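The structure file coords_24.pdb is reproduced below (PDB, C-alpha atoms).
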```
ATOM      1  CA  MET A 296     -79.414  -1.533 -15.452
ATOM      2  CA  LYS A 297     -75.663  -1.187 -15.736
ATOM      3  CA  LEU A 298     -72.986  -3.564 -14.485
ATOM      4  CA  TYR A 299     -69.461  -2.245 -13.937
ATOM      5  CA  ILE A 300     -66.875  -4.995 -14.382
ATOM      6  CA  TYR A 301     -63.417  -6.195 -15.314
ATOM      7  CA  ASP A 302     -63.473  -8.927 -17.931
ATOM      8  CA  HIS A 303     -60.964 -11.118 -16.063
ATOM      9  CA  CYS A 304     -62.649 -10.792 -12.671
ATOM     10  CA  PRO A 305     -64.323 -14.057 -11.528
ATOM     11  CA  PHE A 306     -66.594 -12.143  -9.163
ATOM     12  CA  CYS A 307     -67.781 -10.072 -12.103
ATOM     13  CA  VAL A 308     -68.452 -13.288 -14.016
ATOM     14  CA  ARG A 309     -70.730 -14.391 -11.178
ATOM     15  CA  ALA A 310     -72.814 -11.260 -11.611
ATOM     16  CA  ARG A 311     -72.771 -11.504 -15.410
ATOM     17  CA  MET A 312     -73.922 -15.125 -15.235
ATOM     18  CA  ILE A 313     -77.199 -14.411 -13.486
ATOM     19  CA  PHE A 314     -78.180 -11.862 -16.134
ATOM     20  CA  GLY A 315     -77.359 -14.298 -18.926
ATOM     21  CA  ILE A 316     -79.003 -17.291 -17.282
ATOM     22  CA  GLN A 317     -82.168 -15.368 -16.458
ATOM     23  CA  GLN A 318     -82.111 -13.517 -19.788
ATOM     24  CA  ILE A 319     -82.333 -10.132 -18.134
ATOM     25  CA  PRO A 320     -80.744  -7.294 -20.144
ATOM     26  CA  VAL A 321     -77.895  -5.314 -18.611
ATOM     27  CA  GLU A 322     -75.348  -2.856 -20.004
ATOM     28  CA  LEU A 323     -71.760  -3.921 -19.285
ATOM     29  CA  ILE A 324     -69.262  -1.167 -18.522
ATOM     30  CA  THR A 325     -65.618  -2.219 -18.254
ATOM     31  CA  LEU A 326     -63.544   0.007 -16.003
ATOM     32  CA  ALA A 327     -59.808   0.550 -16.375
ATOM     33  CA  ASN A 328     -58.016  -1.460 -13.718
ATOM     34  CA  ASP A 329     -56.342   1.652 -12.326
ATOM     35  CA  ASP A 330     -59.567   3.662 -12.177
ATOM     36  CA  GLU A 331     -60.033   4.078  -8.436
ATOM     37  CA  ALA A 332     -62.221   7.164  -8.618
ATOM     38  CA  THR A 333     -65.271   5.598 -10.298
ATOM     39  CA  PRO A 334     -65.920   2.651  -7.964
ATOM     40  CA  ILE A 335     -65.141   4.732  -4.890
ATOM     41  CA  ARG A 336     -67.608   7.347  -6.072
ATOM     42  CA  LEU A 337     -70.289   4.707  -6.680
ATOM     43  CA  ILE A 338     -69.971   2.439  -3.619
ATOM     44  CA  GLY A 339     -67.162   3.865  -1.516
ATOM     45  CA  ALA A 340     -64.622   1.149  -2.323
ATOM     46  CA  LYS A 341     -62.302   0.164  -5.161
ATOM     47  CA  GLN A 342     -64.000  -3.069  -6.147
ATOM     48  CA  VAL A 343     -66.177  -4.581  -8.851
ATOM     49  CA  PRO A 344     -68.726  -5.732  -9.846
ATOM     50  CA  ILE A 345     -71.043  -2.811  -9.213
ATOM     51  CA  LEU A 346     -74.672  -2.863 -10.274
ATOM     52  CA  GLN A 347     -76.599   0.294 -11.038
ATOM     53  CA  LYS A 348     -80.145  -0.771 -10.276
ATOM     54  CA  LEU A 349     -83.293   0.393 -12.016
ATOM     55  CA  ASP A 350     -83.895   2.969  -9.292
ATOM     56  CA  GLY A 351     -80.477   4.506  -9.935
ATOM     57  CA  SER A 352     -78.881   3.256  -6.726
ATOM     58  CA  TYR A 353     -75.686   1.184  -6.689
ATOM     59  CA  MET A 354     -74.922  -2.237  -5.262
ATOM     60  CA  GLY A 355     -71.598  -4.004  -4.780
ATOM     61  CA  GLU A 356     -70.662  -7.561  -3.792
ATOM     62  CA  SER A 357     -71.089 -10.221  -6.461
ATOM     63  CA  LEU A 358     -73.341 -12.610  -4.554
ATOM     64  CA  ASP A 359     -75.574  -9.778  -3.358
ATOM     65  CA  ILE A 360     -76.026  -8.805  -7.014
ATOM     66  CA  VAL A 361     -76.711 -12.424  -7.988
ATOM     67  CA  ARG A 362     -79.360 -12.784  -5.298
ATOM     68  CA  HIS A 363     -80.930  -9.407  -6.137
ATOM     69  CA  ILE A 364     -81.398 -10.371  -9.792
ATOM     70  CA  ASN A 365     -82.282 -13.986  -9.022
ATOM     71  CA  ALA A 366     -85.136 -12.825  -6.785
ATOM     72  CA  GLN A 367     -86.683 -11.042  -9.768
ATOM     73  CA  ALA A 368     -86.545 -14.075 -12.060
ATOM     74  CA  LYS A 369     -89.525 -16.220 -13.000
ATOM     75  CA  ARG A 370     -87.502 -19.335 -12.197
ATOM     76  CA  PRO A 371     -84.875 -18.534  -9.540
ATOM     77  CA  ILE A 372     -81.857 -20.808  -9.306
ATOM     78  CA  SER A 373     -81.297 -22.885  -6.175
ATOM     79  CA  GLU A 374     -79.160 -21.531  -3.330
ATOM     80  CA  THR A 375     -77.819 -24.986  -2.442
ATOM     81  CA  ILE A 376     -74.068 -25.631  -2.581
ATOM     82  CA  ARG A 377     -72.751 -29.073  -1.681
ATOM     83  CA  PRO A 378     -69.949 -28.998   0.920
ATOM     84  CA  SER A 379     -67.689 -30.915  -1.481
ATOM     85  CA  ILE A 380     -68.120 -28.216  -4.128
ATOM     86  CA  GLN A 381     -67.405 -25.435  -1.649
ATOM     87  CA  ALA A 382     -64.331 -27.322  -0.461
ATOM     88  CA  TRP A 383     -63.080 -27.653  -4.054
ATOM     89  CA  ALA A 384     -63.504 -23.932  -4.675
ATOM     90  CA  ASP A 385     -61.712 -23.083  -1.428
ATOM     91  CA  LYS A 386     -58.787 -25.402  -2.204
ATOM     92  CA  VAL A 387     -58.255 -24.258  -5.795
ATOM     93  CA  GLY A 388     -58.796 -20.649  -4.777
ATOM     94  CA  GLU A 389     -55.677 -20.836  -2.628
ATOM     95  CA  TYR A 390     -53.341 -21.137  -5.617
ATOM     96  CA  TYR A 391     -55.012 -20.715  -9.008
ATOM     97  CA  ASN A 392     -54.495 -16.956  -9.227
ATOM     98  CA  GLN A 393     -50.788 -17.624  -9.604
ATOM     99  CA  LEU A 394     -51.670 -19.148 -12.980
ATOM    100  CA  LEU A 395     -54.087 -16.355 -13.866
ATOM    101  CA  PHE A 396     -52.448 -13.092 -12.788
ATOM    102  CA  PRO A 397     -49.441 -13.247 -15.163
ATOM    103  CA  ARG A 398     -51.662 -14.189 -18.103
ATOM    104  CA  SER A 399     -54.648 -11.893 -17.670
ATOM    105  CA  ILE A 400     -52.566  -8.796 -18.387
ATOM    106  CA  GLN A 401     -51.418 -10.254 -21.725
ATOM    107  CA  LEU A 402     -54.806 -11.110 -23.270
ATOM    108  CA  GLY A 403     -55.704  -7.685 -24.651
ATOM    109  CA  LEU A 404     -58.539  -7.163 -22.171
ATOM    110  CA  PRO A 405     -60.099  -3.693 -22.020
ATOM    111  CA  GLU A 406     -59.312  -3.117 -18.345
ATOM    112  CA  PHE A 407     -55.617  -3.341 -19.274
ATOM    113  CA  ALA A 408     -55.722  -1.063 -22.305
ATOM    114  CA  THR A 409     -53.060   1.295 -20.939
ATOM    115  CA  PRO A 410     -49.574   0.633 -19.526
ATOM    116  CA  ALA A 411     -50.593   2.430 -16.339
ATOM    117  CA  ALA A 412     -53.453  -0.023 -15.778
ATOM    118  CA  VAL A 413     -51.102  -2.990 -16.231
ATOM    119  CA  VAL A 414     -48.513  -1.585 -13.818
ATOM    120  CA  TYR A 415     -51.239  -0.858 -11.256
ATOM    121  CA  PHE A 416     -52.467  -4.464 -11.462
ATOM    122  CA  ILE A 417     -48.987  -5.964 -11.201
ATOM    123  CA  LEU A 418     -48.045  -3.936  -8.139
ATOM    124  CA  LYS A 419     -51.304  -4.759  -6.367
ATOM    125  CA  LYS A 420     -51.197  -8.487  -7.103
ATOM    126  CA  GLU A 421     -47.520  -8.930  -6.311
ATOM    127  CA  ALA A 422     -48.160  -7.271  -2.963
ATOM    128  CA  SER A 423     -51.175  -9.479  -2.225
ATOM    129  CA  ILE A 424     -49.457 -12.777  -3.075
ATOM    130  CA  GLY A 425     -45.971 -11.820  -1.923
ATOM    131  CA  THR A 426     -44.168 -12.896  -5.071
ATOM    132  CA  GLY A 427     -43.408 -11.405  -8.457
ATOM    133  CA  ILE A 428     -45.255 -12.042 -11.706
ATOM    134  CA  ALA A 429     -42.167 -13.719 -13.194
ATOM    135  CA  GLN A 430     -41.934 -16.088 -10.240
ATOM    136  CA  MET A 431     -45.610 -17.006 -10.690
ATOM    137  CA  LEU A 432     -44.879 -17.997 -14.287
ATOM    138  CA  ASP A 433     -41.884 -20.067 -13.160
ATOM    139  CA  LYS A 434     -44.235 -22.125 -10.998
ATOM    140  CA  THR A 435     -46.455 -23.072 -13.960
ATOM    141  CA  PRO A 436     -45.344 -26.745 -14.203
ATOM    142  CA  GLU A 437     -46.088 -27.527 -10.560
ATOM    143  CA  LEU A 438     -49.305 -25.513 -10.635
ATOM    144  CA  LEU A 439     -50.460 -27.397 -13.739
ATOM    145  CA  ALA A 440     -49.857 -30.690 -11.966
ATOM    146  CA  GLN A 441     -51.948 -29.474  -9.035
ATOM    147  CA  ILE A 442     -54.833 -28.158 -11.123
ATOM    148  CA  HIS A 443     -54.932 -31.336 -13.194
ATOM    149  CA  SER A 444     -55.361 -33.361 -10.015
ATOM    150  CA  ASP A 445     -58.059 -31.023  -8.730
ATOM    151  CA  LEU A 446     -59.912 -30.999 -12.057
ATOM    152  CA  GLN A 447     -60.138 -34.774 -11.903
ATOM    153  CA  THR A 448     -61.726 -34.425  -8.472
ATOM    154  CA  LEU A 449     -64.204 -31.885  -9.827
ATOM    155  CA  ALA A 450     -65.051 -34.120 -12.787
ATOM    156  CA  SER A 451     -66.408 -36.730 -10.398
ATOM    157  CA  GLN A 452     -68.780 -34.095  -8.965
ATOM    158  CA  ILE A 453     -70.311 -33.042 -12.302
ATOM    159  CA  HIS A 454     -73.477 -35.007 -12.957
ATOM    160  CA  SER A 455     -74.887 -33.338 -16.069
ATOM    161  CA  ASP A 456     -74.940 -29.990 -17.878
ATOM    162  CA  THR A 457     -75.202 -28.497 -14.400
ATOM    163  CA  LEU A 458     -73.020 -29.389 -11.450
ATOM    164  CA  ASN A 459     -75.778 -30.899  -9.342
ATOM    165  CA  GLY A 460     -77.314 -32.850 -12.211
ATOM    166  CA  SER A 461     -80.775 -31.342 -11.926
ATOM    167  CA  ASP A 462     -80.940 -27.585 -12.420
ATOM    168  CA  LEU A 463     -78.835 -24.467 -12.221
ATOM    169  CA  SER A 464     -77.753 -23.504  -8.735
ATOM    170  CA  MET A 465     -75.335 -21.342  -6.792
ATOM    171  CA  GLU A 466     -72.822 -24.143  -7.347
ATOM    172  CA  ASP A 467     -72.631 -23.079 -10.976
ATOM    173  CA  ILE A 468     -72.290 -19.418  -9.977
ATOM    174  CA  LEU A 469     -69.377 -20.412  -7.737
ATOM    175  CA  ILE A 470     -67.486 -22.804 -10.010
ATOM    176  CA  PHE A 471     -67.980 -21.686 -13.622
ATOM    177  CA  PRO A 472     -66.167 -18.340 -13.166
ATOM    178  CA  MET A 473     -63.114 -20.192 -11.848
ATOM    179  CA  LEU A 474     -63.128 -22.665 -14.723
ATOM    180  CA  ARG A 475     -63.749 -19.950 -17.293
ATOM    181  CA  ASN A 476     -60.687 -18.051 -16.133
ATOM    182  CA  LEU A 477     -58.578 -21.195 -16.188
ATOM    183  CA  THR A 478     -59.231 -21.368 -19.935
ATOM    184  CA  MET A 479     -56.626 -18.607 -20.303
ATOM    185  CA  VAL A 480     -53.905 -21.084 -19.258
ATOM    186  CA  ARG A 481     -52.332 -22.985 -22.136
ATOM    187  CA  GLY A 482     -51.431 -26.526 -21.153
ATOM    188  CA  ILE A 483     -54.385 -27.291 -18.924
ATOM    189  CA  GLN A 484     -55.984 -30.555 -19.979
ATOM    190  CA  PHE A 485     -59.613 -30.363 -18.909
ATOM    191  CA  PRO A 486     -61.343 -33.717 -18.383
ATOM    192  CA  ALA A 487     -64.007 -34.207 -21.063
ATOM    193  CA  VAL A 488     -66.895 -33.756 -18.647
ATOM    194  CA  VAL A 489     -65.391 -30.494 -17.372
ATOM    195  CA  GLN A 490     -64.740 -29.261 -20.911
ATOM    196  CA  ASP A 491     -68.366 -29.977 -21.833
ATOM    197  CA  TYR A 492     -69.571 -28.248 -18.680
ATOM    198  CA  ILE A 493     -67.536 -25.116 -19.494
ATOM    199  CA  ALA A 494     -68.936 -24.987 -23.035
ATOM    200  CA  ASN A 495     -72.511 -25.465 -21.842
ATOM    201  CA  MET A 496     -72.316 -22.864 -19.090
ATOM    202  CA  ALA A 497     -70.578 -20.348 -21.358
ATOM    203  CA  GLN A 498     -73.471 -20.652 -23.782
ATOM    204  CA  ARG A 499     -76.194 -20.535 -21.133
ATOM    205  CA  SER A 500     -74.710 -17.549 -19.352
ATOM    206  CA  GLN A 501     -73.592 -15.776 -22.556
ATOM    207  CA  ILE A 502     -69.992 -15.372 -21.370
ATOM    208  CA  ASN A 503     -66.915 -15.902 -23.512
ATOM    209  CA  THR A 504     -64.027 -18.216 -22.670
ATOM    210  CA  TYR A 505     -60.319 -17.643 -23.324
ATOM    211  CA  PHE A 506     -59.466 -20.860 -25.158
ATOM    212  CA  ASP A 507     -58.693 -18.952 -28.366
ATOM    213  CA  ARG A 508     -55.983 -16.830 -26.706
ATOM    214  CA  ALA A 509     -54.635 -19.051 -23.938
ATOM    215  CA  LEU A 510     -51.044 -18.380 -22.876
TER     216      LEU A 510
END
```
Whole structure, structure tokens version:
Amino acid sequence: MKLYIYDHCPFCVRARMIFGIQQIPVELITLANDDEATPIRLIGAKQVPILQKLDGSYMGESLDIVRHINAQAKRPISETIRPSIQAWADKVGEYYNQLLFPRSIQLGLPEFATPAAVVYFILKKEASIGTGIAQMLDKTPELLAQIHSDLQTLASQIHSDTLNGSDLSMEDILIFPMLRNLTMVRGIQFPAVVQDYIANMAQRSQINTYFDRAL
């Protein structure tokens, strides 16, 4: 199987997680961010992740991929997501990309290997958020204050090495990709329990963090 991704994409991290957690081999293929032709050819839309299944067919949508692979596992993870966890993800999802977008293009990631790919990303994201990359960076102090408050809320919801305190679940698939990408932001002070959770899930899912190059 092959999985087409961007390294910075949290939806791609969801799909990568299930392969790592279930120890199912997959070949990762990182597309250039401005490569529209490949994903459109494979699934008819410019989006990732895309899974090439064993039968040669292609599948998009991160959670569809997660459920497809999870169904093949000897010990599938639970589908349950607590409403409080979903609410946290929805709240943080409203603003956290303003911390991530200006930084992701500066980390030396393969999807941004060319100037054209960087320009493509900037134009798309500025249009989607309605503000410029520079203005996003200017908001860092207030965004850090907000994420610190929200991380404290999340810390109270983490009960063990997994979010629900018993076993891996779709909660982890939902939340770890967001936390992993926040590791690219220098200045975030993760509560100890959240820091431990990130380290544990990174190891279990075989996905790197960005602590060593945070900006």
Report as a compact mmCIF listing (two decimals) with C-alpha atoms, in the frame of the given file all protein, DNA and RNA residues lying within 10 Å of Lys341 (chain A), evaluated on only C-alpha atoms, omitting residues in the same chain fewer than 6 positions from it.
```txt
# COMPACT_ATOMS: atom_id res chain seq x y z
CA ASN A 328 -58.02 -1.46 -13.72
CA ASP A 329 -56.34 1.65 -12.33
CA ASP A 330 -59.57 3.66 -12.18
CA GLU A 331 -60.03 4.08 -8.44
CA ALA A 332 -62.22 7.16 -8.62
CA THR A 333 -65.27 5.60 -10.30
CA PRO A 334 -65.92 2.65 -7.96
CA ILE A 335 -65.14 4.73 -4.89
```
What are the closest atom pairs, with distances in Å to one decimal, for each residue of region 337-456 of chain A lying within 9 Å of region 465-471 of chain A, using all atoms listed in the file, rows by chain and rising residue number, as a tab-separated table?
```
residue	atom	partner	partner_atom	distance
A:Leu358	CA	A:Ile468	CA	8.8
A:Val361	CA	A:Ile468	CA	8.5
A:Ile372	CA	A:Met465	CA	7.0
A:Ser373	CA	A:Met465	CA	6.2
A:Glu374	CA	A:Met465	CA	5.2
A:Thr375	CA	A:Met465	CA	6.2
A:Ile376	CA	A:Glu466	CA	5.1
A:Arg377	CA	A:Glu466	CA	7.5
A:Ile380	CA	A:Glu466	CA	7.0
A:Gln381	CA	A:Glu466	CA	8.0
A:Trp383	CA	A:Ile470	CA	8.9
A:Ala384	CA	A:Ile470	CA	6.8
```
Export of the given selection (C-alpha atoms) as a PDB file, in the coordinates of the input:
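Output (result13.pdb):
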```pdb
ATOM      1  CA  LEU A 358     -73.341 -12.610  -4.554  1.00  0.00           C
ATOM      2  CA  VAL A 361     -76.711 -12.424  -7.988  1.00  0.00           C
ATOM      3  CA  ILE A 372     -81.857 -20.808  -9.306  1.00  0.00           C
ATOM      4  CA  SER A 373     -81.297 -22.885  -6.175  1.00  0.00           C
ATOM      5  CA  GLU A 374     -79.160 -21.531  -3.330  1.00  0.00           C
ATOM      6  CA  THR A 375     -77.819 -24.986  -2.442  1.00  0.00           C
ATOM      7  CA  ILE A 376     -74.068 -25.631  -2.581  1.00  0.00           C
ATOM      8  CA  ARG A 377     -72.751 -29.073  -1.681  1.00  0.00           C
ATOM      9  CA  ILE A 380     -68.120 -28.216  -4.128  1.00  0.00           C
ATOM     10  CA  GLN A 381     -67.405 -25.435  -1.649  1.00  0.00           C
ATOM     11  CA  TRP A 383     -63.080 -27.653  -4.054  1.00  0.00           C
ATOM     12  CA  ALA A 384     -63.504 -23.932  -4.675  1.00  0.00           C
TER      13      ALA A 384
END
```
Discussion item. Restricting the calculation to only C-alpha atoms: of A:Ser379, A:Ser444, A:Thr325, A:Ser357, which residue gets closest to Val308 (chain A)?
Written reply: A:Ser357
Fill in: Option closest in space to Leu446 (chain A), from A:Leu432, A:Ile483, A:Ile364, A:Ile424 [counting only C-alpha atoms]
A:Ile483
Practice prompt. Point out the residue among A:Lys297, A:Pro397, A:Leu458, A:Phe506 with the least atom-to-atom distance to Thr426 (chain A), counting all atoms listed in the file.
Written response: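 The answer is A:Pro397, which sits nearest to Thr426 (chain A).
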Discussion item. So the first atom is CA of Ser500 (chain A) and the second is CA of Leu477 (chain A); what is the distance between them in Å, to one decimal place?
Written reply: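 Those two atoms sit 16.8 Å apart.
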Give me, as a PDB file with C-alpha atoms, keeping the file's coordinate frame, all polymer residues having an atom no more than 10 Å from Val387 (chain A), counting only C-alpha atoms and skipping those fewer than 5 positions away in the same chain.
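Result went into result.pdb, see below:
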```pdb
ATOM      1  CA  ALA A 382     -64.331 -27.322  -0.461  1.00  0.00           C
ATOM      2  CA  ASN A 392     -54.495 -16.956  -9.227  1.00  0.00           C
ATOM      3  CA  GLN A 441     -51.948 -29.474  -9.035  1.00  0.00           C
ATOM      4  CA  ILE A 442     -54.833 -28.158 -11.123  1.00  0.00           C
ATOM      5  CA  ASP A 445     -58.059 -31.023  -8.730  1.00  0.00           C
ATOM      6  CA  LEU A 446     -59.912 -30.999 -12.057  1.00  0.00           C
ATOM      7  CA  MET A 473     -63.114 -20.192 -11.848  1.00  0.00           C
TER       8      MET A 473
END
```
Discussion item. Counting all atoms listed in the file, I want the residues whose atoms come within 6 Å of (-65.6, -1.6, -9.8) in the file frame, returned as a PyMOL selection string.
Written reply: chain A and resi 299-300+334+341-345
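This file gives the following result for the PyMOL selection byres ((chain A and resi 406-415) around 6): Tyr301, Leu326, Ala327, Asn328, Asp329, Leu404, Pro405, Phe416, Ile417 and Leu418 of chain A.
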Worksheet entry | Gap from CA of Tyr391 (chain A) to CA of Tyr505 (chain A) - Å, one decimal |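 Computing it gives 15.6 Å between the two atoms.
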Response to the item:
If you count all atoms listed in the file, the residue of A:Ala497, A:Ala340, A:Leu510, A:Leu463 closest to Arg481 (chain A) turns out to be A:Leu510
Discussion item. Please compute the CA of Cys307 (chain A)-CA of Ser399 (chain A) distance, one decimal, in Å.
Written reply: 14.4 Å
Worksheet item: Using only C-alpha atoms, which residue out of A:Phe306, A:Phe485, A:Phe314, A:Tyr390 lies closest to Glu356 (chain A)?
Response: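 For Glu356 (chain A), the nearest of the candidates is A:Phe306.
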